[in-house]
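Pasting entry-v8.csv here (CSV, C-alpha atoms):
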chain,number,residue,atom,x,y,z
D,194,MET,CA,-59.8,89.0,68.8
D,195,ALA,CA,-62.6,88.5,66.3
D,196,VAL,CA,-62.3,92.2,65.2
D,197,VAL,CA,-58.6,92.1,64.6
D,198,GLY,CA,-57.6,92.6,61.0
D,199,PRO,CA,-58.8,95.8,59.2
D,200,GLY,CA,-57.0,98.4,61.4
D,201,ILE,CA,-53.7,96.6,61.7
D,202,ILE,CA,-53.6,95.3,58.1
D,203,THR,CA,-54.5,98.7,56.6
D,204,ALA,CA,-52.0,100.6,58.8
D,205,PHE,CA,-49.1,98.2,58.1
D,206,ALA,CA,-50.0,98.2,54.4
D,207,ASP,CA,-49.2,101.9,54.4
D,208,ASN,CA,-45.6,100.8,55.1
D,209,ASP,CA,-45.5,99.1,51.7
D,210,ALA,CA,-42.4,99.1,49.4
D,211,GLY,CA,-43.2,102.7,48.3
D,212,GLY,CA,-43.3,103.6,52.0
D,213,VAL,CA,-40.0,102.0,52.8
D,214,ALA,CA,-38.5,103.8,49.8
D,215,THR,CA,-39.9,107.2,50.9
D,216,TYR,CA,-38.8,106.8,54.5
D,217,SER,CA,-35.3,105.7,53.3
D,218,VAL,CA,-34.9,108.7,50.9
D,219,ALA,CA,-36.3,111.1,53.5
D,220,ALA,CA,-34.0,109.9,56.2
D,221,SER,CA,-31.0,109.9,53.9
D,222,LYS,CA,-31.7,113.5,53.0
D,223,PHE,CA,-32.5,115.0,56.4
D,224,GLY,CA,-31.4,112.5,59.0
D,225,TYR,CA,-32.9,112.5,62.5
D,226,PRO,CA,-34.9,115.8,62.1
D,227,ILE,CA,-37.4,114.0,59.7
D,228,LEU,CA,-38.5,111.9,62.7
D,229,PHE,CA,-40.4,115.0,63.9
D,230,THR,CA,-43.1,114.0,61.4
D,231,ILE,CA,-43.9,110.7,63.2
D,232,ILE,CA,-46.2,111.9,66.0
D,233,PRO,CA,-48.4,114.3,63.8
D,234,ILE,CA,-48.7,111.5,61.1
D,235,THR,CA,-49.7,109.0,63.8
D,236,ILE,CA,-52.5,111.3,65.0
D,237,VAL,CA,-53.8,111.9,61.5
D,238,LEU,CA,-53.7,108.2,60.7
D,239,LEU,CA,-55.6,107.0,63.8
D,240,ILE,CA,-58.2,109.8,63.5
D,241,THR,CA,-59.0,109.2,59.8
D,242,GLN,CA,-58.8,105.4,60.0
D,243,GLU,CA,-61.1,105.3,63.0
D,244,ILE,CA,-63.7,107.6,61.3
D,245,GLY,CA,-63.6,105.6,58.0
D,246,SER,CA,-64.0,102.3,59.9
D,247,ARG,CA,-66.9,103.7,62.1
D,248,ILE,CA,-68.7,104.9,59.0
D,249,ALA,CA,-68.5,101.4,57.5
D,250,VAL,CA,-69.6,99.6,60.7
D,251,VAL,CA,-72.6,101.9,61.3
D,252,THR,CA,-73.8,102.2,57.7
D,253,GLY,CA,-72.7,98.9,56.3
D,254,LYS,CA,-71.5,100.7,53.2
D,255,GLY,CA,-68.2,101.5,51.7
D,256,LEU,CA,-66.9,105.0,51.0
D,257,GLY,CA,-67.4,104.6,47.3
D,258,ASP,CA,-71.0,103.5,47.8
D,259,LEU,CA,-71.7,106.6,49.9
D,260,ILE,CA,-70.1,109.1,47.5
D,261,ARG,CA,-72.1,107.6,44.6
D,262,GLU,CA,-75.4,107.7,46.5
D,263,HIS,CA,-74.9,111.3,47.9
D,264,PHE,CA,-72.9,113.1,45.3
D,265,GLY,CA,-73.9,111.3,42.0
D,266,ILE,CA,-72.2,109.5,39.2
D,267,ARG,CA,-70.2,112.5,37.9
D,268,ILE,CA,-68.4,113.2,41.2
D,269,SER,CA,-68.0,109.4,41.6
D,270,VAL,CA,-66.2,109.1,38.2
D,271,LEU,CA,-64.0,112.2,39.0
D,272,ILE,CA,-63.0,110.8,42.4
D,273,PHE,CA,-62.4,107.3,41.2
D,274,SER,CA,-60.3,108.6,38.3
D,275,LEU,CA,-58.1,110.6,40.7
D,276,LEU,CA,-57.9,107.6,43.0
D,277,PHE,CA,-56.9,105.3,40.2
D,278,PHE,CA,-54.2,107.7,39.0
D,279,VAL,CA,-52.7,108.1,42.5
D,280,ASN,CA,-53.0,104.4,43.4
D,281,PHE,CA,-51.3,103.3,40.1
D,282,GLY,CA,-48.2,105.3,41.1
D,283,VAL,CA,-48.2,103.4,44.4
D,284,ILE,CA,-48.7,100.0,42.6
D,285,ILE,CA,-45.7,100.8,40.4
D,286,GLN,CA,-43.7,101.5,43.6
D,287,ASN,CA,-44.7,98.2,45.1
D,288,ILE,CA,-44.0,96.1,42.0
D,289,GLY,CA,-40.7,98.0,41.7
D,290,GLY,CA,-40.0,97.2,45.3
D,291,LEU,CA,-40.6,93.5,44.7
D,292,LYS,CA,-38.3,93.7,41.7
D,293,ASP,CA,-35.5,95.5,43.6
D,294,GLY,CA,-35.9,93.1,46.6
D,295,LEU,CA,-35.5,90.0,44.4
D,296,ALA,CA,-32.4,91.6,42.8
D,297,LEU,CA,-30.9,92.3,46.2
D,298,PHE,CA,-30.9,88.5,46.9
D,299,ASN,CA,-29.6,87.8,43.3
D,300,LEU,CA,-32.8,86.0,42.4
D,301,ASN,CA,-33.6,85.7,38.7
D,302,LEU,CA,-36.3,88.3,37.9
D,303,TRP,CA,-37.6,86.5,34.8
D,304,ILE,CA,-38.3,83.5,37.0
D,305,PHE,CA,-39.2,84.8,40.4
D,306,LEU,CA,-41.2,87.9,39.6
D,307,PRO,CA,-43.7,86.0,37.5
D,308,VAL,CA,-43.9,83.3,40.2
D,309,VAL,CA,-44.6,85.9,42.9
D,310,ILE,CA,-47.2,87.7,40.8
D,311,GLY,CA,-48.8,84.4,39.8
D,312,SER,CA,-49.0,83.3,43.4
D,313,LEU,CA,-50.5,86.6,44.3
D,314,PHE,CA,-53.3,86.2,41.7
D,315,LEU,CA,-54.1,82.7,42.8
D,316,PHE,CA,-54.1,83.5,46.4
D,317,ILE,CA,-56.4,86.6,46.2
D,318,THR,CA,-58.8,85.0,43.7
D,319,ARG,CA,-59.0,81.6,45.3
D,320,ALA,CA,-58.7,82.1,49.1
D,321,SER,CA,-61.5,83.2,51.4
D,322,TYR,CA,-61.6,86.5,53.2
D,323,ALA,CA,-60.6,84.8,56.5
D,324,LYS,CA,-57.5,83.1,54.9
D,325,VAL,CA,-56.4,86.3,53.1
D,326,GLU,CA,-56.7,88.2,56.4
D,327,LYS,CA,-54.7,85.6,58.4
D,328,PHE,CA,-52.0,85.5,55.8
D,329,PHE,CA,-51.6,89.3,55.8
D,330,LEU,CA,-51.5,89.3,59.6
D,331,PHE,CA,-48.7,86.6,59.5
D,332,LEU,CA,-46.6,88.7,57.0
D,333,ILE,CA,-46.7,91.7,59.4
D,334,VAL,CA,-44.4,89.8,61.8
D,335,PHE,CA,-41.6,90.3,59.2
D,336,TYR,CA,-41.6,94.1,59.9
D,337,PHE,CA,-39.6,93.3,63.1
D,338,ALA,CA,-36.7,93.1,60.7
D,339,TYR,CA,-36.6,96.9,60.7
D,340,PHE,CA,-36.4,97.0,64.5
D,341,ILE,CA,-33.4,94.8,64.4
D,342,SER,CA,-31.8,96.8,61.6
D,343,ALA,CA,-32.3,100.0,63.6
D,344,VAL,CA,-30.6,98.4,66.7
D,345,LEU,CA,-27.7,97.1,64.6
D,346,ALA,CA,-27.2,100.6,63.1
D,347,LYS,CA,-26.3,101.8,66.7
D,348,PRO,CA,-28.0,105.2,66.5
D,349,ASP,CA,-27.9,107.9,69.0
D,350,TRP,CA,-31.1,107.0,70.8
D,351,GLU,CA,-31.1,110.2,72.9
D,352,GLN,CA,-31.0,112.2,69.6
D,353,VAL,CA,-33.8,110.0,68.2
D,354,GLY,CA,-36.0,110.8,71.2
D,355,LYS,CA,-35.3,114.5,71.0
D,356,SER,CA,-35.9,114.6,67.2
D,357,VAL,CA,-39.3,113.0,67.6
D,358,VAL,CA,-40.6,115.8,69.9
D,359,ILE,CA,-38.5,118.8,69.1
D,360,PRO,CA,-39.1,120.6,65.7
D,361,PRO,CA,-36.1,121.0,63.4
D,362,SER,CA,-34.3,124.4,63.8
D,363,LYS,CA,-34.6,125.0,60.0
D,364,ILE,CA,-37.5,123.9,57.9
D,365,SER,CA,-36.9,124.3,54.1
D,366,PHE,CA,-39.4,124.0,51.3
D,367,GLU,CA,-37.8,120.7,50.4
D,368,PHE,CA,-38.3,119.5,54.0
D,369,LEU,CA,-42.0,120.4,53.8
D,370,TYR,CA,-42.3,118.7,50.4
D,371,THR,CA,-40.7,115.5,51.7
D,372,SER,CA,-42.8,115.7,54.9
D,373,ILE,CA,-46.0,115.7,52.8
D,374,ALA,CA,-44.6,112.8,50.9
D,375,VAL,CA,-43.9,110.9,54.1
D,376,LEU,CA,-47.5,111.8,55.3
D,377,GLY,CA,-48.8,110.7,51.9
D,378,THR,CA,-47.2,107.3,52.1
D,379,THR,CA,-48.5,106.7,55.6
D,380,VAL,CA,-51.9,108.2,55.6
D,381,THR,CA,-53.1,107.3,52.1
D,382,ALA,CA,-56.2,108.0,50.2
D,383,TRP,CA,-56.4,104.4,49.1
D,384,GLY,CA,-56.1,103.4,52.8
D,385,GLN,CA,-59.3,105.2,53.6
D,386,PHE,CA,-61.2,103.4,50.9
D,387,PHE,CA,-59.6,100.1,51.8
D,388,ILE,CA,-60.3,100.1,55.6
D,389,ASN,CA,-63.9,101.2,54.8
D,390,SER,CA,-64.5,98.4,52.3
D,391,TYR,CA,-62.5,95.9,54.3
D,392,VAL,CA,-64.6,96.5,57.4
D,393,LYS,CA,-67.7,96.2,55.4
D,394,ASP,CA,-66.4,92.9,53.9
D,395,LYS,CA,-65.6,91.6,57.4
D,396,LYS,CA,-69.2,92.4,58.4
D,397,LEU,CA,-68.4,93.9,61.8
D,398,THR,CA,-71.4,95.1,63.8
D,399,VAL,CA,-72.0,98.2,65.9
D,400,ASP,CA,-71.6,96.2,69.2
D,401,LYS,CA,-68.0,95.6,68.2
D,402,LEU,CA,-67.2,99.2,67.5
D,403,LYS,CA,-65.2,99.9,70.6
D,404,TYR,CA,-62.9,96.9,70.0
D,405,ASN,CA,-62.5,97.9,66.4
D,406,ARG,CA,-61.5,101.4,67.5
D,407,PHE,CA,-58.9,100.0,69.9
D,408,GLU,CA,-57.5,97.8,67.1
D,409,ILE,CA,-57.2,100.7,64.8
D,410,TYR,CA,-55.3,102.8,67.4
D,411,VAL,CA,-52.9,99.9,68.1
D,412,GLY,CA,-52.3,99.4,64.4
D,413,SER,CA,-51.7,103.1,63.8
D,414,PHE,CA,-49.2,103.2,66.7
D,415,LEU,CA,-47.3,100.1,65.7
D,416,THR,CA,-47.0,100.9,62.0
D,417,ASN,CA,-45.5,104.3,62.7
D,418,LEU,CA,-43.2,102.8,65.3
D,419,PHE,CA,-41.8,100.6,62.6
D,420,SER,CA,-41.6,103.6,60.3
D,421,LEU,CA,-39.5,105.2,62.9
D,422,PHE,CA,-37.2,102.2,63.0
D,423,MET,CA,-36.8,102.3,59.2
D,424,MET,CA,-35.8,106.0,59.3
D,425,VAL,CA,-33.5,105.5,62.3
D,426,ALA,CA,-31.6,102.7,60.5
D,427,VAL,CA,-31.0,104.9,57.5
D,428,ALA,CA,-30.3,108.1,59.4
D,429,ALA,CA,-27.7,106.5,61.6
D,430,THR,CA,-25.8,105.0,58.6
D,431,VAL,CA,-26.6,106.5,55.3
D,432,PHE,CA,-27.2,110.1,56.3
D,433,ALA,CA,-24.4,110.0,59.0
D,434,ASN,CA,-21.9,109.0,56.3
D,435,LYS,CA,-23.3,111.2,53.6
D,436,VAL,CA,-24.1,108.4,51.2
D,437,GLN,CA,-26.5,109.2,48.3
D,438,ILE,CA,-29.4,106.8,47.7
D,439,THR,CA,-32.4,106.8,45.5
D,440,GLY,CA,-34.6,104.1,47.1
D,441,ALA,CA,-35.0,101.3,49.6
D,442,ALA,CA,-32.8,98.8,47.8
D,443,ASP,CA,-30.0,101.4,47.8
D,444,ALA,CA,-30.5,101.9,51.5
D,445,ALA,CA,-30.3,98.1,52.2
D,446,LEU,CA,-26.9,98.0,50.4
D,447,ALA,CA,-25.7,101.3,51.9
D,448,ILE,CA,-26.2,100.3,55.5
D,449,LYS,CA,-24.2,97.2,55.1
D,450,PRO,CA,-20.7,98.7,55.6
D,451,PHE,CA,-21.9,100.6,58.7
D,452,ALA,CA,-24.3,98.2,60.4
D,453,GLY,CA,-23.2,94.8,59.1
D,454,ASP,CA,-24.5,92.0,56.8
D,455,LEU,CA,-27.4,91.1,59.0
D,456,ALA,CA,-28.9,94.6,59.1
D,457,SER,CA,-28.6,94.8,55.3
D,458,VAL,CA,-30.3,91.4,54.8
D,459,LEU,CA,-33.1,92.2,57.2
D,460,PHE,CA,-33.7,95.6,55.6
D,461,GLY,CA,-33.9,93.9,52.2
D,462,ALA,CA,-36.1,91.1,53.4
D,463,GLY,CA,-38.5,93.7,54.9
D,464,LEU,CA,-38.6,95.4,51.5
D,465,LEU,CA,-39.7,92.1,49.8
D,466,VAL,CA,-42.5,91.6,52.3
D,467,ALA,CA,-43.6,95.2,52.1
D,468,GLY,CA,-43.6,95.0,48.3
D,469,PHE,CA,-45.8,91.9,48.4
D,470,ILE,CA,-48.3,93.3,50.9
D,471,GLY,CA,-48.5,96.6,48.9
D,472,ALA,CA,-48.8,94.8,45.6
D,473,ALA,CA,-51.8,92.9,47.0
D,474,ILE,CA,-53.6,95.5,49.1
D,475,VAL,CA,-53.4,98.7,47.0
D,476,PRO,CA,-54.9,97.1,43.8
D,477,LEU,CA,-57.5,95.6,46.2
D,478,ALA,CA,-58.4,99.0,47.5
D,479,THR,CA,-58.9,100.3,43.9
D,480,ALA,CA,-60.9,97.2,43.0
D,481,TYR,CA,-63.1,97.7,46.1
D,482,ALA,CA,-63.6,101.4,45.1
D,483,PHE,CA,-64.4,100.5,41.5
D,484,SER,CA,-67.1,98.0,42.6
D,485,GLU,CA,-68.6,100.5,45.0
D,486,PHE,CA,-68.5,103.6,42.8
D,487,PHE,CA,-70.2,101.7,39.9
D,488,GLY,CA,-72.5,99.4,41.8
D,489,TYR,CA,-70.8,96.0,41.1
D,490,GLU,CA,-70.3,93.0,43.4
D,491,GLY,CA,-67.0,93.2,45.1
D,492,SER,CA,-65.9,91.0,48.0
D,493,LEU,CA,-63.1,88.5,48.9
D,494,ASP,CA,-65.9,86.2,50.1
D,495,VAL,CA,-67.4,86.0,46.6
D,496,SER,CA,-66.0,83.6,44.0
D,497,PHE,CA,-64.2,84.7,40.9
D,498,SER,CA,-67.0,83.5,38.7
D,499,LYS,CA,-69.5,85.7,40.5
D,500,SER,CA,-67.3,88.8,40.8
D,501,ARG,CA,-65.3,88.8,37.6
D,502,LEU,CA,-65.1,92.6,37.4
D,503,PHE,CA,-63.8,92.9,40.9
D,504,TYR,CA,-61.0,90.3,40.5
D,505,GLY,CA,-60.4,91.3,36.9
D,506,PHE,CA,-59.8,94.9,37.8
D,507,PHE,CA,-57.4,93.7,40.5
D,508,ILE,CA,-55.5,91.6,38.0
D,509,PHE,CA,-55.5,94.4,35.4
D,510,GLN,CA,-53.8,96.8,37.8
D,511,VAL,CA,-51.0,94.5,38.8
D,512,LEU,CA,-50.2,93.4,35.3
D,513,LEU,CA,-50.2,97.1,34.2
D,514,GLY,CA,-47.8,97.8,37.1
D,515,VAL,CA,-45.5,94.9,35.9
D,516,VAL,CA,-45.4,96.4,32.4
D,517,ALA,CA,-44.6,99.9,33.8
D,518,VAL,CA,-41.6,98.8,35.9
D,519,SER,CA,-40.3,96.8,32.9
D,520,ILE,CA,-40.0,99.9,30.8
D,521,PRO,CA,-36.2,100.7,30.3
D,522,GLY,CA,-35.2,103.9,32.0
D,523,MET,CA,-38.2,104.0,34.3
D,524,SER,CA,-37.1,106.0,37.4
D,525,LEU,CA,-38.7,104.6,40.5
D,526,PHE,CA,-36.9,107.3,42.5
D,527,ASP,CA,-38.9,110.1,40.7
D,528,ILE,CA,-42.2,108.1,41.0
D,529,THR,CA,-41.7,107.4,44.7
D,530,LEU,CA,-41.8,111.0,46.1
D,531,TYR,CA,-44.1,112.3,43.4
D,532,ALA,CA,-46.7,109.6,43.9
D,533,ASP,CA,-46.6,110.0,47.7
D,534,PHE,CA,-46.8,113.8,47.4
D,535,LEU,CA,-49.9,113.3,45.2
D,536,ASN,CA,-51.3,111.0,47.9
D,537,GLY,CA,-50.7,113.8,50.4
D,538,ILE,CA,-52.5,116.5,48.5
D,539,PHE,CA,-55.4,114.2,47.6
D,540,LEU,CA,-55.9,113.4,51.3
D,541,PRO,CA,-57.8,116.6,52.2
D,542,VAL,CA,-60.4,115.7,49.5
D,543,ILE,CA,-61.0,112.3,51.3
D,544,ILE,CA,-61.1,114.1,54.6
D,545,PHE,CA,-63.9,116.3,53.2
D,546,PHE,CA,-66.0,113.2,52.4
D,547,LEU,CA,-65.2,111.6,55.8
D,548,TYR,CA,-66.4,114.9,57.5
D,549,LYS,CA,-69.6,115.0,55.5
D,550,PHE,CA,-70.6,111.4,56.1
D,551,VAL,CA,-69.5,111.1,59.8
D,552,ASN,CA,-71.6,114.2,60.7
D,553,ASP,CA,-74.7,113.1,58.8
D,554,ARG,CA,-77.1,112.1,61.7
D,555,ASP,CA,-79.4,110.3,59.2
D,556,LEU,CA,-76.5,108.0,58.3
D,557,MET,CA,-74.7,107.7,61.7
D,558,GLY,CA,-77.4,108.3,64.3
D,559,LYS,CA,-75.7,108.7,67.7
D,560,TYR,CA,-72.3,107.7,66.2
D,561,VAL,CA,-71.7,111.1,64.7
D,562,ASN,CA,-68.4,112.9,65.5
D,563,SER,CA,-68.0,114.9,68.6
D,564,LYS,CA,-67.0,118.6,68.4
D,565,LEU,CA,-63.4,117.8,69.4
D,566,GLN,CA,-63.2,115.1,66.8
D,567,ASN,CA,-64.4,117.6,64.1
D,568,VAL,CA,-61.9,120.2,65.2
D,569,ILE,CA,-59.0,117.7,65.0
D,570,LEU,CA,-60.2,116.3,61.6
D,571,ILE,CA,-60.6,119.8,60.1
D,572,SER,CA,-57.3,120.9,61.5
D,573,CYS,CA,-55.6,117.9,59.9
D,574,GLY,CA,-57.2,118.8,56.5
D,575,VAL,CA,-56.2,122.5,56.7
D,576,ALA,CA,-52.6,121.7,57.9
D,577,ILE,CA,-52.1,119.1,55.1
D,578,SER,CA,-53.4,121.5,52.5
D,579,ILE,CA,-51.2,124.4,53.6
D,580,GLY,CA,-48.1,122.1,53.9
D,581,ALA,CA,-48.8,120.6,50.4
D,582,LEU,CA,-49.3,124.0,48.8
D,583,VAL,CA,-46.2,125.7,50.4
D,584,GLY,CA,-44.0,122.6,49.9
D,585,GLY,CA,-45.1,122.0,46.4
D,586,ILE,CA,-44.7,125.6,45.2
D,587,GLY,CA,-41.3,125.9,47.0
D,588,SER,CA,-40.0,122.6,45.5
D,589,ALA,CA,-41.3,123.5,42.0
D,590,PHE,CA,-39.4,126.7,42.0
D,591,GLY,CA,-36.3,125.2,43.7
D,592,MET,CA,-36.7,127.3,46.8

Exercise: express the given structure as structure tokens:
Amino acid sequence: MAVVGPGIITAFADNDAGGVATYSVAASKFGYPILFTIIPITIVLLITQEIGSRIAVVTGKGLGDLIREHFGIRISVLIFSLLFFVNFGVIIQNIGGLKDGLALFNLNLWIFLPVVIGSLFLFITRASYAKVEKFFLFLIVFYFAYFISAVLAKPDWEQVGKSVVIPPSKISFEFLYTSIAVLGTTVTAWGQFFINSYVKDKKLTVDKLKYNRFEIYVGSFLTNLFSLFMMVAVAATVFANKVQITGAADAALAIKPFAGDLASVLFGAGLLVAGFIGAAIVPLATAYAFSEFFGYEGSLDVSFSKSRLFYGFFIFQVLLGVVAVSIPGMSLFDITLYADFLNGIFLPVIIFFLYKFVNDRDLMGKYVNSKLQNVILISCGVAISIGALVGGIGSAFGM
């Protein structure tokens, strides 16, 4: 049990408010057929998370550290700039999710949003690594709300099972684009940096590697199981009744007439928790990367006074996100799929670095990838690249 944390927390953080919004929009547009993405995405998630974690355990270094040491400062600045740009879109999603979740329960935004953000600052900057980890693990319990919402929606479970394993009869460019967005919200570039840095922060040793691997597999399976429940709840209600939605808050309201008040409340409560987790972890992932890329101290076990740049960069991102969602006319719907699609097309770049480091025998010793692991990893990168290219071009030209 001592290794529990990095794999499960990182995997569930992928189901942040942006993820809930993306799953909701995808299921409302395509219904049960979008469930076919679940198994491939689960495979990609557990493969990439395990490799990233293994690199951190064996080398004792974060992904940002290794990129800087092996590829130099120019590549580091380029990769960090791309990561910051992509992550900021996800931060906007999560702050927006918090805002929408509070509005769903008729809570005054001018009072409660500053309270939530202020509490987040204090907690991250004052609590120890162990307390932060325990709190995140506790919040994950609230994801069971989506299981209950799915059951109350009374879906066709036989159709659900078939859709998970049988490809859709027709795959459009828009379906491909949305599938890459669903992939991008689940298997994230920031997630690879976060699990790498978080494992390093937890100070796991090589003798715990097999337990860490098992924990990552469990986390990957469970998080995508709850992703499935989110999409099932929306497909069985919103899609089935041809209701148009633009996000998770719309989905929570839209399922109410078909699945009842409890399903709607639970879906909305899940959005609030997902927004809080995402608003904490995504800026942390960027702050970890910032510290590693540019050689600064960055750890949740180091005090604010000794790691001002790490915590300061965390705070800066969240405040910038609050400002962004406060802009009149800001469309979170447009940002949601766009940011997740960018995550999807950025992922092959991260896979390249994972491949390089995990096969470096000087770094990894006997813990390098097997031939089968390399085949799966390369196949994931190629498939994502082709899907992103075809889906992006097709969507851009309205095909």

So that each row is one residue of range 421-510 of chain D with an atom at most 10 Å from range 332-338 of chain D, can you give its shortest atom pair and the distance in Å to one decimal, using only C-alpha atoms, rows by chain and rising number, as CSV?
residue,atom,partner,partner_atom,distance
D:Phe422,CA,D:Phe337,CA,9.2
D:Met423,CA,D:Ala338,CA,9.3
D:Leu455,CA,D:Ala338,CA,9.7
D:Ala456,CA,D:Ala338,CA,8.1
D:Ser457,CA,D:Ala338,CA,9.9
D:Val458,CA,D:Ala338,CA,8.9
D:Leu459,CA,D:Ala338,CA,5.1
D:Phe460,CA,D:Ala338,CA,6.4
D:Gly461,CA,D:Ala338,CA,9.0
D:Ala462,CA,D:Ala338,CA,7.6
D:Gly463,CA,D:Tyr336,CA,5.9
D:Leu464,CA,D:Tyr336,CA,9.0
D:Leu465,CA,D:Phe335,CA,9.8
D:Val466,CA,D:Leu332,CA,6.9
D:Ala467,CA,D:Tyr336,CA,8.1
D:Phe469,CA,D:Leu332,CA,9.2
D:Ile470,CA,D:Leu332,CA,7.8

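One finds CA of Gly468 in chain D at 5.2 Å from CA of Gly290 in chain D.
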
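The space separating CA of Leu582 in chain D from CA of Phe366 in chain D comes to 10.2 Å.
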
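The shortest atom-to-atom distance to Gly453 in chain D, with only C-alpha atoms taken into account, belongs to D:Leu345 out of D:Cys573, D:Leu345, D:Val516, D:Ile227.
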
Take the point (-48.3, 114.9, 59.1) in the file's coordinates, draw a sphere of radius 12 Å around it, and report as a ChimeraX atom specification every protein, DNA or RNA residue with an atom inside or on it, counting all atoms listed in the file.
-> /D:227-240,369-381,417,534,537-538,540-541,572-581

Contacts of Thr398 in chain D at 8 Å (all atoms listed in the file; same-chain gap of 4+ positions) as a ChimeraX atom specification = /D:250-251,402

Between CA of Ile364 in chain D and CA of Ala429 in chain D, what is the spacing in Å?
-> 20.3 Å

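Take the candidates D:Lys222, D:Lys395, D:Phe432, D:Ser500 and check each one against Ala323 in chain D using only C-alpha atoms; the shortest distance goes to D:Lys395.
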
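Residues with at least one atom no more than 6 Å from (-64.6, 98.0, 45.9), using all atoms listed in the file, are D:Ala480, D:Tyr481, D:Ala482, D:Phe483, D:Ser484, D:Glu485, D:Gly491.
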
Contact residues around Arg501 in chain D with all atoms listed in the file at 10 Å, ignoring same-chain residues under 6 positions, as a PyMOL selection string | chain D and resi 318+489-491+495+507

Closest to Leu276 in chain D among D:Gly384, D:Pro361, D:Pro307, D:Pro521, using all atoms listed in the file?
-> D:Gly384

For Ser221 in chain D: contacts at 12 Å, all atoms listed in the file, fewer than 6 positions along chain excluded, given as an MDAnalysis selection string | chainID D and resid 214:215 227:228 371 423:441 443:445 447:448

Requested write-out: C-alpha atoms of the selected residues, as a PDB file, in the frame of the given file:
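What landed in selection19.pdb:
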ATOM      1  CA  ALA D 214     -38.500 103.800  49.800  1.00  0.00           C
ATOM      2  CA  THR D 215     -39.900 107.200  50.900  1.00  0.00           C
ATOM      3  CA  ILE D 227     -37.400 114.000  59.700  1.00  0.00           C
ATOM      4  CA  LEU D 228     -38.500 111.900  62.700  1.00  0.00           C
ATOM      5  CA  THR D 371     -40.700 115.500  51.700  1.00  0.00           C
ATOM      6  CA  MET D 423     -36.800 102.300  59.200  1.00  0.00           C
ATOM      7  CA  MET D 424     -35.800 106.000  59.300  1.00  0.00           C
ATOM      8  CA  VAL D 425     -33.500 105.500  62.300  1.00  0.00           C
ATOM      9  CA  ALA D 426     -31.600 102.700  60.500  1.00  0.00           C
ATOM     10  CA  VAL D 427     -31.000 104.900  57.500  1.00  0.00           C
ATOM     11  CA  ALA D 428     -30.300 108.100  59.400  1.00  0.00           C
ATOM     12  CA  ALA D 429     -27.700 106.500  61.600  1.00  0.00           C
ATOM     13  CA  THR D 430     -25.800 105.000  58.600  1.00  0.00           C
ATOM     14  CA  VAL D 431     -26.600 106.500  55.300  1.00  0.00           C
ATOM     15  CA  PHE D 432     -27.200 110.100  56.300  1.00  0.00           C
ATOM     16  CA  ALA D 433     -24.400 110.000  59.000  1.00  0.00           C
ATOM     17  CA  ASN D 434     -21.900 109.000  56.300  1.00  0.00           C
ATOM     18  CA  LYS D 435     -23.300 111.200  53.600  1.00  0.00           C
ATOM     19  CA  VAL D 436     -24.100 108.400  51.200  1.00  0.00           C
ATOM     20  CA  GLN D 437     -26.500 109.200  48.300  1.00  0.00           C
ATOM     21  CA  ILE D 438     -29.400 106.800  47.700  1.00  0.00           C
ATOM     22  CA  THR D 439     -32.400 106.800  45.500  1.00  0.00           C
ATOM     23  CA  GLY D 440     -34.600 104.100  47.100  1.00  0.00           C
ATOM     24  CA  ALA D 441     -35.000 101.300  49.600  1.00  0.00           C
ATOM     25  CA  ASP D 443     -30.000 101.400  47.800  1.00  0.00           C
ATOM     26  CA  ALA D 444     -30.500 101.900  51.500  1.00  0.00           C
ATOM     27  CA  ALA D 445     -30.300  98.100  52.200  1.00  0.00           C
ATOM     28  CA  ALA D 447     -25.700 101.300  51.900  1.00  0.00           C
ATOM     29  CA  ILE D 448     -26.200 100.300  55.500  1.00  0.00           C
TER      30      ILE D 448
END
